[in-house]
Amino acid sequence: MTLGKASVSGSKRVGKPSQGVTRENARRAYRLMLEARVLEEKLAVLYRSGKIVGGVFLGRGQEALSVSLGVHLRKGDIYAPLIRDQAGRMAFGDTILDTLRTYLGSSLGSMRGRDGNIHRGRPAEGYHAMISHLGAMVSTVCGGLMAKRMRGETGAVGATCIGEGGTSTGSFHEGMNLAGVEKLPIVVVVANNQFSYSTPNERQFACADLLSRAEGYGVMGRRAVGNDLIDCLGVIGEAVSSARSGEGPQLVVADLLRLVGHGEHDDASYIPEFLKMSPLGEDCLDLARTKMLEIGWLSDDEVTDWQKIIEKEVEENASKVLREPAPDPSEEDWNAFSSLDPQQKQHLQTGGRQ
Amino acid sequence: MTLGKASVSGSKRVGKPSQGVTRENARRAYRLMLEARVLEEKLAVLYRSGKIVGGVFLGRGQEALSVSLGVHLRKGDIYAPLIRDQAGRMAFGDTILDTLRTYLGSSLGSMRGRDGNIHRGRPAEGYHAMISHLGAMVSTVCGGLMAKRMRGETGAVGATCIGEGGTSTGSFHEGMNLAGVEKLPIVVVVANNQFSYSTPNERQFACADLLSRAEGYGVMGRRAVGNDLIDCLGVIGEAVSSARSGEGPQLVVADLLRLVGHGEHDDASYIPEFLKMSPLGEDCLDLARTKMLEIGWLSDDEVTDWQKIIEKEVEENASKVLREPAPDPSEEDWNAFSSLDPQQKQHLQTGGRQ
Amino acid sequence: MSNITYLEAIRLAQQRVLHEDPRVFIYGQDIGVFGGAFKATKNLAKEFPGRVLDAPISEDAMVGLAIGAAVEGMRPIIEMQFADFSTCGFNQIVNQAATLHYRTGTSCPLVIRLPSGGTPGGGPFHSQSMEAIYAHYPGLIVMTPATVEDAYTMLLEAVAIDDPVIFCEHKFLYYHLKADRLPETVLPFGKARIARQGRDVTVVAYSAMVHEALAAAEELTHDGYDIEVVDLRTVRPIDTDTILASVARTGRLLVVGEAWPWGGVAAEVISRVATEGFGLLDAPPQRLNAKETPVPYHPALWGTHRPTASSVANSLRQLLEL
Amino acid sequence: MSNITYLEAIRLAQQRVLHEDPRVFIYGQDIGVFGGAFKATKNLAKEFPGRVLDAPISEDAMVGLAIGAAVEGMRPIIEMQFADFSTCGFNQIVNQAATLHYRTGTSCPLVIRLPSGGTPGGGPFHSQSMEAIYAHYPGLIVMTPATVEDAYTMLLEAVAIDDPVIFCEHKFLYYHLKADRLPETVLPFGKARIARQGRDVTVVAYSAMVHEALAAAEELTHDGYDIEVVDLRTVRPIDTDTILASVARTGRLLVVGEAWPWGGVAAEVISRVATEGFGLLDAPPQRLNAKETPVPYHPALWGTHRPTASSVANSLRQLLEL
Ligand SMILES: Cc1ncc(C[n+]2csc(CCOP(=O)(O)OP(=O)(O)O)c2C)c(N)n1
Ligand SMILES: Cc1ncc(C[n+]2csc(CCOP(=O)(O)OP(=O)(O)O)c2C)c(N)n1
Ligand SMILES: [Mg+2]
Ligand SMILES: [Mg+2]
């Protein structure tokens, strides 16, 4: 077992086991991974049965990496998860209920049917709701951290995830560079799952190692084994505490594989068999369970119990949400503006007078 | 004297004197630098006397770096110079006449008064006309190279320059990354003159060395001494021949100082004295002359002669252009479209019917 | 051939230009072996090796690349994965592609394909209609085909034109529309089409809204009205002559657009008719657009956000009473 | 105080909000010690340490940063060095800032200052007027002050508003306009101003074009005409009521905009008046806009490209004959 086996490029090299990994942490993380997995399986079923429209985008195979960022964050931090972060979201306080509500468009969900699926958050609580345009959330998190700094609030970090494909966007670059210039306590985790949609890495970037970009941004870089929960917890734990203690932006790059299509409409047939059979293709949930059973942090019975409890919770929430009201177009406040008084709002509508 | 003293990051390290530097090359380069310098001094005068409106943006102090790229290019190559590349432009075939015409808005210039100053080029001849938005030309050059590759044309390279400030743009990043992915024969020269307009490097990027970005793009990186003509000729010569011989994209980073304001309206008082007094602040023309006199590649008389000839040529061209017709608004083809027939063109105008 | 979808027409047009014109290549995310998010390039990478290429997620660089290639004489087609992501290539489109010919005299023949418009569950970032944004810029041609036939012929035309063309293809029409065969003859470039003849009101529409307008017109036959529907086909240029001739016959005008109202196609059309055909109007011209919020995710909200046959019919009834 | 320029009014407004509201900070290229490309933040970095910050050349990240800070309760002001460069931050503006409140219920109070419009020798990339592009998007407020007084009070207002505001300040007015003192009272948000009363034609204008319209109106007094000039002040929202009331008095409408015509402010205003005030018009409404090319560099071309007092006067004469 490699506790906190972090390969650090840049100024610092860390060898000792990380404080980021504790029995509690790991157990909590594992349970959240299970929760995400079971919930996402339900989402897939709801999609296939036509209850969810548009699309369903799952994080299967990426739960260990995702959750490891989430569990190291706390209230007051800022978190902008991306596509494959169901597990991290749950760790940051998102719920089975609100996930289902958002996917199903319930008017009681945080997005009230206005936005859906992974475009979900509660920005006022530090939980940013991603826009689709990849890379855009890096600088948004930076802005939140600037605000905290200006108000003299210390100790908070900001965090976001992105796929390796998203690193090709100008937005990602500008955000990373700005984070470096402003020396912000941000942790950016790159989930290199070898494909962006169907596009393999050789059509996405030409560097041997995405981690080599850390130096160019003047930020600390760390590598994690993307499907190894204990490694991820350790490495990301260090990154988060580095950021928290004022050492500036942190980039974590982790290799892994998504064990599912880009969305549920996609059979991912472009992922070659040999990759699936490689260590990258090992399911992080299986890996984590085996390891944690081995060191006695988990028992088989517990896993079975948790699985049952979670399945029940997911089913109950799903049937509840399926009965919840859809948003009513005639009740909808068809107005994009904020706190202007109603007369001003009326005034703002182009066609509202017709 | 350091012939071809190139510090190469990445896979290759080159120690031997470069073929890029020859007596002929260096003499041609020096003369072009002088031409650029004298011409730009005239532009400044024309600006101060109100003959040029808008702005004048000079490359004083950056001629060595700029010209070194230009002289290594040949017909059939693609070149997208940026703000401070008067010298490189002349090397690529731009003329004193067309520079003056463009700055003065003559209807006989290549831009016909429609665009001005540094926004000058003849794209059909491989000489791209920069748009102001920094970073944008990297991918445009890539596109030209893709076209050549698809047509089976080999041996051509593409080249562009950018300031260190421009490397913060998303556009630069996307262009560099794409160049890496497509393994294009492009040479990108970063002129790190320590300031972007008034902004010092510590507010522009956080890395210790911009050259460290080469690895992240999977491209070869080289460093040049930005105000040392012989060094620049050597290093850029190598970069260009690497690109030409199929070794993929090349990044050259050179430190230097601009010895003038961002534009002629700017007194550059934000550049601290100590920097001006440092080796960075040495005038590349002086340095080149001293070195070349030393090794006998140039004589004092020649320099005096050239200076005189150039001054005369610049003056003659200036008085000629000052008498040339301004564009006539009533003759102007107020139409942004290309080769559509006149009736279609008319058709395309929103307000043309009024 | 039979049962050719709007999507397949786009694929076939691309196949044809790749076949006939060695200057054509296609660049876009996932368009290679995968055939594109919507399969508009299915099998083309195999049929035309090296000419249908997967791009990195770099819309700005994709457009920049197309510009550079166009300058060198190629005819690139850029596929944006969704129209909404073209905002990330916006600068290159409006400041480099659109200005190149006027500034330098060199033309910039490229096509940017924008899978546009709303679908159920698409939400704010996979549903946008950006034609008005691009049409604002001199130097850009903006096409908005509404039929399988036009999807095919106009894409051929787009590739043939020496200027940058923004090709707004509607995702909702991809599978919904079918045709038996592809056309041999084509309306001239920039010409609008009378999609339905009528004498009581002129409805001007484009893209998916043509079909909502046609359905509304059908509905109004039950009320005894005879509605004319004009399909703009291209929104820059706009074929003002055809619109004016129609309004001259009907005296009444409703313009329908799926995009937001402020400065949209509807505003532009009404402005032209009011300016140039004021005397032809028997009643105030009207417009019907999307509601003024981001495009909502839930199908129930989305169905109200965009104009539909029934809201077009309502607008028509109101207009007929003015 | 005396001889306060439009530019100085902007500086003073920023000074005031920095002073009064700890949530305000300014982020933009060269705005720190240097005081900005146009000196709109001169001395502010010194007076408010850590709150007036030089940004890297990263428009996308600058806007993203502002959004994140706004979500956290701050009131950021972003200075674009020129409006033209905001295209590089376009995606964050229209897809993140503009949608945030509708999507999430969290407001996004930020101000993006766009030094806009043409000046002699500015050329295609330092002259653009982008108000119509931003106004197309629900969720953005777009201000276009035409006077020193408005530059001051509207910027205060922009900072106070809970929504993203695109503040289009006109570079040509920076030094040209002067006022003796700054106003104490303000027109309500979104209200247009009758800049000149008249009975023969209503000219609707905004930003620099208000002054061309006023000069044209003055010129037409020699022909015995009495021209009313309405200054829109904000272009989203548009104060349709004030426009309609004016047209009700004059019966004739000319709308003048410095931007391109297709889908511009003029198109939007004419569309509203035709739709809602058709019966008030005694003649076809008209518009006058920039010519449909990039903004040319040479002053002679530029002077013809944009509407001027004399071309406005010409349009007025034509309109008076209709
Ligand atoms: C700017 C932008 N362009 C295109 C897309 C469409 N798109 C959505 S996900 C995706 C692939 C993302 O790949 P990656 O970043 O590696 O994340 P992964 O899906 O592998 O987790 C693409 C191209 C987008 N969301 N944003
Ligand atoms: C995208 C973009 N934003 C802002 C500007 C305005 N601008 C013009 S030059 C300049 C500074 C450029 O600095 P650098 O790239 O270092 O080049 P240098 O002027 O030092 O040669 C800026 C900010 C621009 N041209 N493009
Ligand atoms: Mg990926
Ligand atoms: Mg610089």
# chains A, B, ... in the order shown; residues from 1 in each chain; ligands from 1

call {"tool": "residues_near_ligand", "arguments": {"ligand": "ligand 4", "cutoff": "7 Å", "atoms": "only C-alpha atoms and all ligand atoms", "output": "VMD selection string"}}
result
chain B and resid 163 to 165 191 to 197

call {"tool": "closest_atom_pairs", "arguments": {"of": "chain D", "to": "ligand 2", "cutoff": "9 Å", "atoms": "only C-alpha atoms and all ligand atoms", "output": "JSON lines"}}
result
{"residue": "D:Gln29", "atom": "CA", "partner": "ligand 2", "partner_atom_place_in_ligand_line": "23 (C)", "distance": 6.0}
{"residue": "D:Asp30", "atom": "CA", "partner": "ligand 2", "partner_atom_place_in_ligand_line": "23 (C)", "distance": 7.5}
{"residue": "D:Ala37", "atom": "CA", "partner": "ligand 2", "partner_atom_place_in_ligand_line": "6 (C)", "distance": 8.9}
{"residue": "D:Pro56", "atom": "CA", "partner": "ligand 2", "partner_atom_place_in_ligand_line": "23 (C)", "distance": 8.0}
{"residue": "D:Ile57", "atom": "CA", "partner": "ligand 2", "partner_atom_place_in_ligand_line": "3 (N)", "distance": 5.3}
{"residue": "D:Ser58", "atom": "CA", "partner": "ligand 2", "partner_atom_place_in_ligand_line": "1 (C)", "distance": 6.7}
{"residue": "D:Glu59", "atom": "CA", "partner": "ligand 2", "partner_atom_place_in_ligand_line": "1 (C)", "distance": 6.6}
{"residue": "D:Met80", "atom": "CA", "partner": "ligand 2", "partner_atom_place_in_ligand_line": "4 (C)", "distance": 7.6}
{"residue": "D:Gln81", "atom": "CA", "partner": "ligand 2", "partner_atom_place_in_ligand_line": "6 (C)", "distance": 5.9}
{"residue": "D:Phe82", "atom": "CA", "partner": "ligand 2", "partner_atom_place_in_ligand_line": "6 (C)", "distance": 7.2}
{"residue": "D:Asp84", "atom": "CA", "partner": "ligand 2", "partner_atom_place_in_ligand_line": "2 (C)", "distance": 8.6}
{"residue": "D:Phe85", "atom": "CA", "partner": "ligand 2", "partner_atom_place_in_ligand_line": "3 (N)", "distance": 5.3}
{"residue": "D:Ser86", "atom": "CA", "partner": "ligand 2", "partner_atom_place_in_ligand_line": "1 (C)", "distance": 7.9}
{"residue": "D:Thr87", "atom": "CA", "partner": "ligand 2", "partner_atom_place_in_ligand_line": "1 (C)", "distance": 8.3}
{"residue": "D:Cys88", "atom": "CA", "partner": "ligand 2", "partner_atom_place_in_ligand_line": "1 (C)", "distance": 6.1}
{"residue": "D:Gly89", "atom": "CA", "partner": "ligand 2", "partner_atom_place_in_ligand_line": "1 (C)", "distance": 8.8}
{"residue": "D:Phe125", "atom": "CA", "partner": "ligand 2", "partner_atom_place_in_ligand_line": "25 (N)", "distance": 8.7}

call {"tool": "closest_atom_pairs", "arguments": {"of": "chain D", "to": "ligand 1", "cutoff": "12 Å", "atoms": "only C-alpha atoms and all ligand atoms", "output": "tab-separated table"}}
result
residue	atom	partner	partner_atom_place_in_ligand_line	distance
D:Asn91	CA	ligand 1	1 (C)	9.1
D:Gln92	CA	ligand 1	1 (C)	11.0
D:Asn95	CA	ligand 1	1 (C)	11.2

call {"tool": "write_last_selection", "arguments": {"atoms": "N, CA, C and O atoms", "output": "compact mmCIF listing (two decimals), in the first residue's frame"}}
result
# COMPACT_ATOMS: atom_id res chain seq x y z
N ASN D 91 -17.30 34.80 -23.97
CA ASN D 91 -17.98 33.62 -23.45
C ASN D 91 -18.35 33.78 -21.98
O ASN D 91 -19.47 33.46 -21.57
N GLN D 92 -17.43 34.25 -21.18
CA GLN D 92 -17.73 34.42 -19.75
C GLN D 92 -18.86 35.45 -19.56
O GLN D 92 -19.68 35.31 -18.66
N ASN D 95 -22.26 33.80 -21.37
CA ASN D 95 -22.70 32.48 -20.91
C ASN D 95 -22.59 32.27 -19.41
O ASN D 95 -23.30 31.43 -18.86

call {"tool": "residues_around", "arguments": {"residues": "Thr104 in chain C", "least_positions_apart": "2", "cutoff": "7 Å", "atoms": "only C-alpha atoms", "output": "mmCIF file with N, CA, C and O atoms, in the first residue's frame"}}
result
data_model
loop_
_atom_site.group_PDB
_atom_site.id
_atom_site.type_symbol
_atom_site.label_atom_id
_atom_site.label_comp_id
_atom_site.auth_asym_id
_atom_site.auth_seq_id
_atom_site.Cartn_x
_atom_site.Cartn_y
_atom_site.Cartn_z
ATOM 1 N N MET B 111 -2.694 48.281 -47.340
ATOM 2 C CA MET B 111 -3.932 48.299 -46.557
ATOM 3 C C MET B 111 -4.893 49.407 -47.026
ATOM 4 O O MET B 111 -5.979 49.560 -46.481
ATOM 5 N N ARG B 122 0.385 41.148 -46.397
ATOM 6 C CA ARG B 122 -0.112 40.707 -47.703
ATOM 7 C C ARG B 122 -0.342 39.207 -47.569
ATOM 8 O O ARG B 122 0.495 38.403 -48.000
ATOM 9 N N LEU C 100 -11.015 40.128 -42.722
ATOM 10 C CA LEU C 100 -9.821 39.871 -43.528
ATOM 11 C C LEU C 100 -9.922 40.448 -44.938
ATOM 12 O O LEU C 100 -9.001 41.126 -45.408
ATOM 13 N N HIS C 101 -11.017 40.206 -45.612
ATOM 14 C CA HIS C 101 -11.087 40.668 -46.991
ATOM 15 C C HIS C 101 -11.091 42.187 -47.087
ATOM 16 O O HIS C 101 -10.370 42.768 -47.904
ATOM 17 N N TYR C 102 -11.863 42.825 -46.251
ATOM 18 C CA TYR C 102 -11.882 44.298 -46.334
ATOM 19 C C TYR C 102 -10.516 44.879 -46.020
ATOM 20 O O TYR C 102 -10.040 45.792 -46.702
ATOM 21 N N THR C 106 -7.541 39.943 -49.333
ATOM 22 C CA THR C 106 -7.463 38.486 -49.478
ATOM 23 C C THR C 106 -8.757 37.887 -48.950
ATOM 24 O O THR C 106 -9.203 38.245 -47.848
#

call {"tool": "interface_residues", "arguments": {"of": "chain C", "to": "chain A", "cutoff": "7 Å", "atoms": "only C-alpha atoms", "output": "MDAnalysis selection string"}}
result
chainID C and resid 30 34 54:58 85 120:125 261:262 291:293 296:298 300:301 304

call {"tool": "interface_residues", "arguments": {"of": "chain A", "to": "chain B", "cutoff": "12 Å", "atoms": "only C-alpha atoms", "output": "ChimeraX atom specification"}}
result
/A:10-11,135-136,165-184,200-220,248-249
